[in-house]
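A.B. asks: Structure file final00.csv, CSV, C-alpha atoms, is pasted below:
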```csv
chain,number,residue,atom,x,y,z
A,225,MET,CA,8.9,-20.3,-33.9
A,226,ASP,CA,11.8,-19.8,-31.6
A,227,PRO,CA,13.2,-23.2,-30.3
A,228,SER,CA,13.2,-22.0,-26.7
A,229,THR,CA,9.6,-20.9,-26.9
A,230,PHE,CA,8.6,-24.2,-28.5
A,231,SER,CA,10.5,-26.1,-25.7
A,232,LYS,CA,8.6,-24.1,-23.1
A,233,ILE,CA,5.3,-24.9,-24.7
A,234,VAL,CA,6.1,-28.6,-24.8
A,235,GLN,CA,7.1,-28.5,-21.1
A,236,TYR,CA,3.9,-26.7,-20.2
A,237,CYS,CA,1.8,-29.2,-22.1
A,238,LEU,CA,3.6,-32.2,-20.4
A,239,ARG,CA,3.0,-30.5,-17.1
A,240,ILE,CA,-0.7,-30.2,-17.8
A,241,ILE,CA,-0.8,-33.9,-18.9
A,242,GLY,CA,0.9,-34.9,-15.7
A,243,VAL,CA,-1.7,-33.0,-13.6
A,244,LEU,CA,-4.6,-34.5,-15.6
A,245,ARG,CA,-3.2,-38.0,-15.2
A,246,GLN,CA,-3.4,-37.6,-11.4
A,247,TRP,CA,-7.1,-36.8,-11.5
A,248,ASP,CA,-9.7,-39.4,-10.5
A,249,TRP,CA,-11.4,-39.6,-13.9
A,250,LEU,CA,-13.8,-42.3,-12.8
A,251,ARG,CA,-15.1,-40.2,-9.9
A,252,ILE,CA,-15.4,-37.2,-12.2
A,253,SER,CA,-17.3,-39.3,-14.7
A,254,ARG,CA,-19.7,-40.5,-12.1
A,255,ILE,CA,-20.3,-36.9,-10.9
A,256,PHE,CA,-20.9,-35.7,-14.5
A,257,LEU,CA,-23.3,-38.6,-15.3
A,258,ASN,CA,-25.3,-37.9,-12.1
A,259,PHE,CA,-25.4,-34.2,-13.0
A,260,THR,CA,-26.6,-35.0,-16.5
A,261,LEU,CA,-29.3,-37.3,-15.1
A,262,GLY,CA,-30.4,-34.6,-12.6
A,263,VAL,CA,-30.6,-32.0,-15.3
A,264,THR,CA,-32.7,-34.3,-17.5
A,265,VAL,CA,-35.1,-35.1,-14.6
A,266,ILE,CA,-35.4,-31.4,-13.6
A,267,GLY,CA,-35.9,-30.5,-17.3
A,268,CYS,CA,-38.7,-33.0,-17.7
A,269,ALA,CA,-40.4,-31.7,-14.6
A,270,LEU,CA,-40.1,-28.1,-15.7
A,271,TRP,CA,-41.5,-29.0,-19.1
A,272,ALA,CA,-44.5,-30.7,-17.5
A,273,THR,CA,-45.0,-27.7,-15.3
A,274,TYR,CA,-44.7,-25.4,-18.3
A,275,GLN,CA,-47.3,-27.3,-20.2
A,276,TRP,CA,-49.7,-27.2,-17.3
A,277,LEU,CA,-49.3,-23.5,-16.3
A,278,LEU,CA,-48.6,-21.6,-19.5
A,279,PRO,CA,-51.5,-20.0,-21.3
A,280,PRO,CA,-52.4,-21.7,-24.6
A,281,ASP,CA,-50.4,-19.3,-26.8
A,282,GLN,CA,-49.4,-21.6,-29.6
A,283,GLN,CA,-46.5,-19.4,-31.0
A,284,ALA,CA,-44.9,-19.0,-27.6
A,285,ARG,CA,-45.2,-22.6,-26.8
A,286,LEU,CA,-43.5,-23.5,-30.1
A,287,GLN,CA,-40.6,-21.2,-29.5
A,288,ILE,CA,-40.0,-22.4,-25.9
A,289,SER,CA,-40.4,-26.0,-27.0
A,290,GLU,CA,-37.8,-25.5,-29.7
A,291,ILE,CA,-35.4,-24.0,-27.2
A,292,PHE,CA,-36.0,-26.7,-24.6
A,293,ARG,CA,-35.7,-29.5,-27.2
A,294,ASN,CA,-32.3,-28.2,-28.4
A,295,PHE,CA,-31.1,-27.8,-24.8
A,296,MET,CA,-32.1,-31.4,-23.9
A,297,LEU,CA,-30.7,-32.7,-27.1
A,298,GLY,CA,-27.3,-31.1,-26.3
A,299,VAL,CA,-27.4,-32.5,-22.8
A,300,ALA,CA,-28.2,-36.0,-24.1
A,301,VAL,CA,-25.4,-35.9,-26.7
A,302,ILE,CA,-22.8,-34.7,-24.2
A,303,GLY,CA,-24.0,-37.2,-21.6
A,304,GLY,CA,-23.9,-40.0,-24.1
A,305,ALA,CA,-20.5,-39.2,-25.3
A,306,TRP,CA,-19.1,-38.9,-21.8
A,307,TRP,CA,-20.8,-42.2,-20.9
A,308,ALA,CA,-19.1,-43.9,-23.8
A,309,VAL,CA,-15.7,-42.5,-22.8
A,310,TYR,CA,-16.4,-43.5,-19.2
A,311,GLN,CA,-17.2,-47.1,-20.2
A,312,TRP,CA,-14.2,-47.2,-22.6
A,313,ARG,CA,-11.9,-46.1,-19.8
A,314,LEU,CA,-13.5,-48.2,-17.0
A,315,GLN,CA,-13.5,-51.5,-19.1
A,316,ARG,CA,-10.1,-50.7,-20.6
A,317,SER,CA,-11.4,-51.4,-24.0
A,318,TYR,CA,-8.2,-49.9,-25.4
A,319,GLU,CA,-5.9,-52.4,-23.6
A,320,THR,CA,-4.7,-55.6,-25.0
A,321,ALA,CA,-4.5,-58.9,-23.0
A,322,LEU,CA,-3.1,-62.3,-23.9
A,323,GLU,CA,-3.4,-65.7,-22.3
A,324,ILE,CA,-0.5,-68.2,-23.0
A,325,GLU,CA,-0.9,-71.9,-22.5
A,326,LEU,CA,1.5,-74.8,-23.3
A,327,VAL,CA,0.8,-78.5,-23.9
A,328,LYS,CA,3.5,-81.0,-24.6
A,329,LYS,CA,3.3,-84.6,-26.0
A,330,CYS,CA,6.1,-87.1,-25.8
A,331,ALA,CA,6.8,-90.2,-27.9
A,332,VAL,CA,9.8,-92.6,-27.7
A,333,TYR,CA,12.3,-92.1,-30.5
A,334,ARG,CA,15.3,-94.3,-29.7
A,335,ASN,CA,18.0,-94.8,-27.1
A,336,ASN,CA,16.2,-92.9,-24.4
A,337,LEU,CA,15.5,-90.0,-26.8
A,338,PHE,CA,12.0,-88.6,-27.2
A,339,VAL,CA,10.2,-86.6,-29.8
A,340,VAL,CA,8.6,-83.8,-27.8
A,341,PHE,CA,5.9,-81.8,-29.5
A,342,ILE,CA,5.1,-78.5,-27.9
A,343,ASP,CA,1.8,-76.8,-28.7
A,344,VAL,CA,1.5,-73.2,-27.6
A,345,SER,CA,-2.0,-71.6,-27.6
A,346,LEU,CA,-2.3,-67.8,-27.7
A,347,LYS,CA,-5.8,-66.4,-26.8
A,348,ASN,CA,-6.6,-62.8,-27.3
A,349,VAL,CA,-8.8,-61.9,-24.3
A,350,SER,CA,-9.0,-58.2,-25.0
A,351,ARG,CA,-11.5,-56.2,-27.1
A,352,CYS,CA,-9.0,-55.2,-29.8
A,353,LYS,CA,-6.8,-56.8,-32.4
A,354,LEU,CA,-3.5,-58.0,-31.2
A,355,ALA,CA,-0.6,-58.1,-33.7
A,356,ALA,CA,2.9,-59.6,-33.4
A,357,ARG,CA,5.7,-57.2,-34.0
A,358,ALA,CA,7.2,-57.3,-37.5
A,359,LYS,CA,11.0,-57.6,-37.6
A,360,ASN,CA,13.2,-54.7,-38.7
A,361,TYR,CA,16.1,-55.5,-41.0
A,362,ALA,CA,19.5,-53.8,-41.3
A,363,ASN,CA,21.9,-54.8,-44.0
A,364,GLY,CA,19.9,-57.9,-44.7
A,365,SER,CA,20.0,-59.1,-41.0
A,366,ALA,CA,17.0,-59.2,-38.7
A,367,GLN,CA,17.2,-57.0,-35.7
A,368,PRO,CA,16.0,-58.2,-32.2
A,369,VAL,CA,12.4,-57.4,-31.5
A,370,TYR,CA,13.2,-56.7,-27.8
A,371,GLU,CA,16.4,-56.1,-25.9
A,372,ASP,CA,17.4,-55.0,-22.4
A,373,GLU,CA,20.2,-55.6,-20.0
A,374,LEU,CA,19.0,-59.1,-19.1
A,375,GLU,CA,18.1,-60.6,-22.4
A,376,THR,CA,17.7,-60.2,-26.2
A,377,ILE,CA,14.6,-61.5,-27.9
A,378,LYS,CA,15.0,-62.3,-31.5
A,379,HIS,CA,11.4,-63.4,-32.4
A,380,SER,CA,8.0,-61.9,-31.8
A,381,VAL,CA,6.7,-65.3,-30.6
A,382,GLY,CA,9.6,-67.4,-29.4
A,383,LEU,CA,10.2,-70.5,-27.2
A,384,GLN,CA,13.3,-70.8,-25.0
A,385,LEU,CA,14.2,-74.1,-23.5
A,386,ARG,CA,16.5,-74.8,-20.5
A,387,SER,CA,17.3,-78.2,-19.0
A,388,ILE,CA,17.7,-78.5,-15.2
A,389,ARG,CA,20.9,-80.1,-14.2
A,390,SER,CA,20.5,-83.6,-12.8
A,391,ASP,CA,23.2,-83.4,-10.2
A,392,ILE,CA,21.6,-80.8,-7.9
A,393,GLU,CA,21.7,-82.2,-4.3
A,394,ASN,CA,20.3,-79.3,-2.2
A,395,ASN,CA,17.2,-77.2,-2.2
A,396,LEU,CA,17.5,-74.5,-4.7
A,397,SER,CA,15.5,-71.6,-6.2
A,398,LEU,CA,15.9,-71.6,-10.0
A,399,ASN,CA,16.1,-68.2,-11.7
A,400,TRP,CA,15.7,-68.1,-15.4
A,401,PHE,CA,18.2,-65.3,-16.0
A,402,ASN,CA,21.0,-66.1,-13.6
A,403,SER,CA,20.8,-69.7,-12.4
A,404,THR,CA,23.9,-71.7,-13.5
A,405,GLU,CA,21.8,-74.9,-13.0
A,406,LEU,CA,19.8,-74.1,-16.1
A,407,LEU,CA,21.5,-75.1,-19.3
A,408,ILE,CA,20.7,-74.8,-23.0
A,409,PRO,CA,20.2,-78.3,-24.3
A,410,GLU,CA,22.8,-79.5,-26.8
A,411,ASN,CA,22.0,-78.8,-30.5
A,412,ILE,CA,18.8,-76.8,-29.5
A,413,PRO,CA,18.7,-73.1,-30.5
A,414,SER,CA,18.8,-70.6,-27.7
A,415,GLU,CA,15.4,-69.4,-29.0
A,416,ILE,CA,13.0,-71.2,-31.4
A,417,ASN,CA,10.9,-69.1,-33.7
A,418,LEU,CA,7.3,-70.1,-33.4
A,419,LEU,CA,6.1,-67.9,-36.3
A,420,THR,CA,7.9,-69.6,-39.2
A,421,ASP,CA,4.5,-70.6,-40.6
A,422,TYR,CA,3.5,-66.9,-40.8
A,423,GLU,CA,6.6,-65.6,-42.6
A,424,ILE,CA,6.2,-64.1,-46.0
A,425,GLU,CA,9.2,-64.2,-48.3
A,426,SER,CA,9.5,-60.8,-50.0
A,427,GLY,CA,13.3,-60.1,-50.1
A,428,GLU,CA,13.2,-60.2,-46.3
A,429,ARG,CA,11.3,-62.7,-44.1
A,430,ILE,CA,8.4,-60.6,-42.8
A,431,GLU,CA,6.1,-62.1,-40.3
A,432,GLN,CA,2.4,-61.1,-40.6
A,433,MET,CA,0.5,-62.5,-37.6
A,434,TRP,CA,-2.4,-61.2,-35.6
A,435,ILE,CA,-5.1,-62.4,-33.3
A,436,GLU,CA,-8.7,-61.1,-33.4
A,437,PRO,CA,-10.6,-60.4,-30.1
A,438,GLY,CA,-11.7,-63.7,-28.6
A,439,GLU,CA,-9.6,-65.8,-31.0
A,440,THR,CA,-7.2,-68.5,-30.0
A,441,THR,CA,-4.2,-69.2,-32.2
A,442,HIS,CA,-2.0,-72.3,-31.9
A,443,VAL,CA,1.7,-72.4,-32.8
A,444,GLY,CA,4.2,-75.1,-32.0
A,445,CYS,CA,7.4,-77.0,-32.7
A,446,ALA,CA,8.8,-80.5,-32.5
A,447,ILE,CA,12.2,-81.2,-30.8
A,448,ILE,CA,14.1,-84.3,-29.8
A,449,LEU,CA,15.2,-84.4,-26.2
A,450,PRO,CA,16.6,-86.9,-23.7
A,451,ALA,CA,14.6,-87.7,-20.6
A,452,GLY,CA,14.9,-85.0,-18.0
A,453,HIS,CA,13.4,-81.9,-16.4
A,454,TYR,CA,13.1,-78.7,-18.4
A,455,LEU,CA,11.9,-75.1,-18.1
A,456,ALA,CA,10.3,-73.5,-21.1
A,457,LYS,CA,9.7,-69.8,-21.6
A,458,VAL,CA,7.2,-68.5,-24.2
A,459,THR,CA,7.4,-64.8,-25.1
A,460,PHE,CA,5.0,-62.7,-27.2
A,461,VAL,CA,6.2,-59.3,-28.4
A,462,GLY,CA,3.4,-57.2,-29.9
A,463,ALA,CA,3.3,-54.2,-32.2
A,464,ARG,CA,3.2,-51.7,-29.3
A,465,GLU,CA,6.6,-51.7,-27.7
A,466,PHE,CA,5.8,-51.1,-24.1
A,467,ASP,CA,2.2,-52.4,-23.9
A,468,ASP,CA,2.1,-55.6,-25.9
A,469,PHE,CA,4.7,-57.8,-24.1
A,470,TRP,CA,3.8,-61.1,-22.4
A,471,ARG,CA,5.8,-64.1,-21.3
A,472,ARG,CA,5.1,-67.2,-19.3
A,473,LEU,CA,7.3,-69.9,-17.8
A,474,PHE,CA,6.4,-73.6,-18.0
A,475,TYR,CA,7.7,-76.8,-16.5
A,476,ILE,CA,8.2,-79.8,-18.9
A,477,HIS,CA,9.0,-83.3,-17.7
A,478,VAL,CA,10.2,-85.9,-20.2
A,479,PRO,CA,10.0,-89.2,-18.4
A,480,GLU,CA,12.6,-92.0,-18.7
A,481,LEU,CA,11.9,-95.3,-20.4
A,482,GLU,CA,10.4,-97.9,-18.1
A,483,LYS,CA,12.8,-100.7,-17.5
```
Show me the file's structure as structure tokens.
C.D. replies:
Amino acid sequence: MDPSTFSKIVQYCLRIIGVLRQWDWLRISRIFLNFTLGVTVIGCALWATYQWLLPPDQQARLQISEIFRNFMLGVAVIGGAWWAVYQWRLQRSYETALEIELVKKCAVYRNNLFVVFIDVSLKNVSRCKLAARAKNYANGSAQPVYEDELETIKHSVGLQLRSIRSDIENNLSLNWFNSTELLIPENIPSEINLLTDYEIESGERIEQMWIEPGETTHVGCAIILPAGHYLAKVTFVGAREFDDFWRRLFYIHVPELEK
């Protein structure tokens, strides 16, 4: 096929898809379902009338019954299939959804240092399986699972921690990406991998982790921090690049020792 002809066909198909996406498919589905219901009711009424009026010719009745039965069966199959698609579209059964929660526990370590255990719960509230994205490797090095102009995410399920400066004297709105008052705590990685327990050693460290519908998975880490105020960001990057991406910001307070 000529490349220019193929390009025109592709553009025409994309144009058709664009038009179809603008249609109100829920309204069309309701109209079709009402039409199917109306056809079924009218068909039943006609069948009852036929049975009452038609002379008792057994052969004719059998032929008409067969035609009517096949017609109603076709209407029922088409209506049922459309109803299934309508429900699938209305309830977004194809969409994934994730709830992220964080719970922290603190215990005194020494010299105003605390052991902080962070437990992150991931609940799949969708109707389909949700999988974490597996890492890609180039020359033996893992590639980022997500990257844009603001940040680079190295791990499919990662925790980033920032301490809030203690010398702020005025009211201030803290922005994760550009606030100079948010600092990476000393000796803490810029991003902590929460999927180390799911890594399989096979030449390259491949993570295999998924969450079934309705299931809650817990991941966590333990870190030693001084007393202070912190922001924590949990990010989940799923297998589908543009659809399975969630993050949530949390506030963590590590209280000072009572004097």
A.B. asks: For a test of reading the model, state the distance in Å between CA of Asn360 (chain A) and CA of Met433 (chain A), rounded to one decimal.
C.D. replies: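 Between CA of Asn360 (chain A) and CA of Met433 (chain A) the gap works out to 14.9 Å.
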A.B. asks: When you draw a straight line from CA of Met296 (chain A) to CA of Leu261 (chain A), how long is it in Å?
C.D. replies: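 Distance between the two atoms: 11.0 Å.
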A.B. asks: Of the residues A:Asp421, A:Leu481, A:Gly298, A:Thr320, which is the one nearest to Ser350 (chain A), using all atoms listed in the file?
C.D. replies: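 Looking at the shortest contact to Ser350 (chain A), the residue is A:Thr320.
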A.B. asks: CA of Thr420 (chain A) to CA of Ile388 (chain A): how many Å, to one decimal?
C.D. replies: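 The value is 27.4 Å.
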A.B. asks: Name the residues within 10 Å of (8.3, -78.6, -19.1), counting all atoms listed in the file in the file's coordinates, and put them as a ChimeraX atom specification.
C.D. replies: /A:326-328,342,385-387,452-457,473-478
A.B. asks: With distances taken over all atoms listed in the file, which residue among A:Trp400, A:Gly444, A:Thr376, A:Asp467 lies nearest Val344 (chain A)?
C.D. replies: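 Closest candidate: A:Gly444.
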A.B. asks: May I have the protein, DNA and RNA residues with an atom at most 8 Å from (-5.5, -70.8, -31.7), counting all atoms listed in the file in the file's coordinates, returned as a list of chain:residue names?
C.D. replies: A:Ser345, A:Leu346, A:Lys347, A:Glu439, A:Thr440, A:Thr441, A:His442, A:Val443
A.B. asks: Under the rule that all atoms listed in the file are counted, which of A:Val461, A:Leu383, A:Cys330, A:Ile324 is the nearest residue to Ile412 (chain A)?
C.D. replies: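 Comparing A:Val461, A:Leu383, A:Cys330, A:Ile324 against Ile412 (chain A), the winner is A:Leu383.
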A.B. asks: Given the choices A:Asn294, A:Asn348, A:Asn336, A:Thr264, which gets closest to Pro437 (chain A) if the distance is worked out from only C-alpha atoms?
C.D. replies: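 Ranking A:Asn294, A:Asn348, A:Asn336, A:Thr264 by distance to Pro437 (chain A), first place goes to A:Asn348.
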A.B. asks: Determine, counting only C-alpha atoms, which protein, DNA and RNA residues have an atom within 12 Å of an atom of Pro413 (chain A); residues of the same chain fewer than 2 positions away are not included. Present the result as a short mmCIF file (atom, residue, chain, number, x, y, z; two decimals) with C-alpha atoms, in the frame of the given file.
C.D. replies:
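out37.cif written:
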```cif
data_model
loop_
_atom_site.label_atom_id
_atom_site.label_comp_id
_atom_site.auth_asym_id
_atom_site.auth_seq_id
_atom_site.Cartn_x
_atom_site.Cartn_y
_atom_site.Cartn_z
CA LYS A 378 15.00 -62.30 -31.50
CA GLY A 382 9.60 -67.40 -29.40
CA LEU A 383 10.20 -70.50 -27.20
CA GLN A 384 13.30 -70.80 -25.00
CA LEU A 385 14.20 -74.10 -23.50
CA ARG A 386 16.50 -74.80 -20.50
CA LEU A 407 21.50 -75.10 -19.30
CA ILE A 408 20.70 -74.80 -23.00
CA PRO A 409 20.20 -78.30 -24.30
CA GLU A 410 22.80 -79.50 -26.80
CA ASN A 411 22.00 -78.80 -30.50
CA GLU A 415 15.40 -69.40 -29.00
CA ILE A 416 13.00 -71.20 -31.40
CA ASN A 417 10.90 -69.10 -33.70
CA ILE A 447 12.20 -81.20 -30.80
#
```
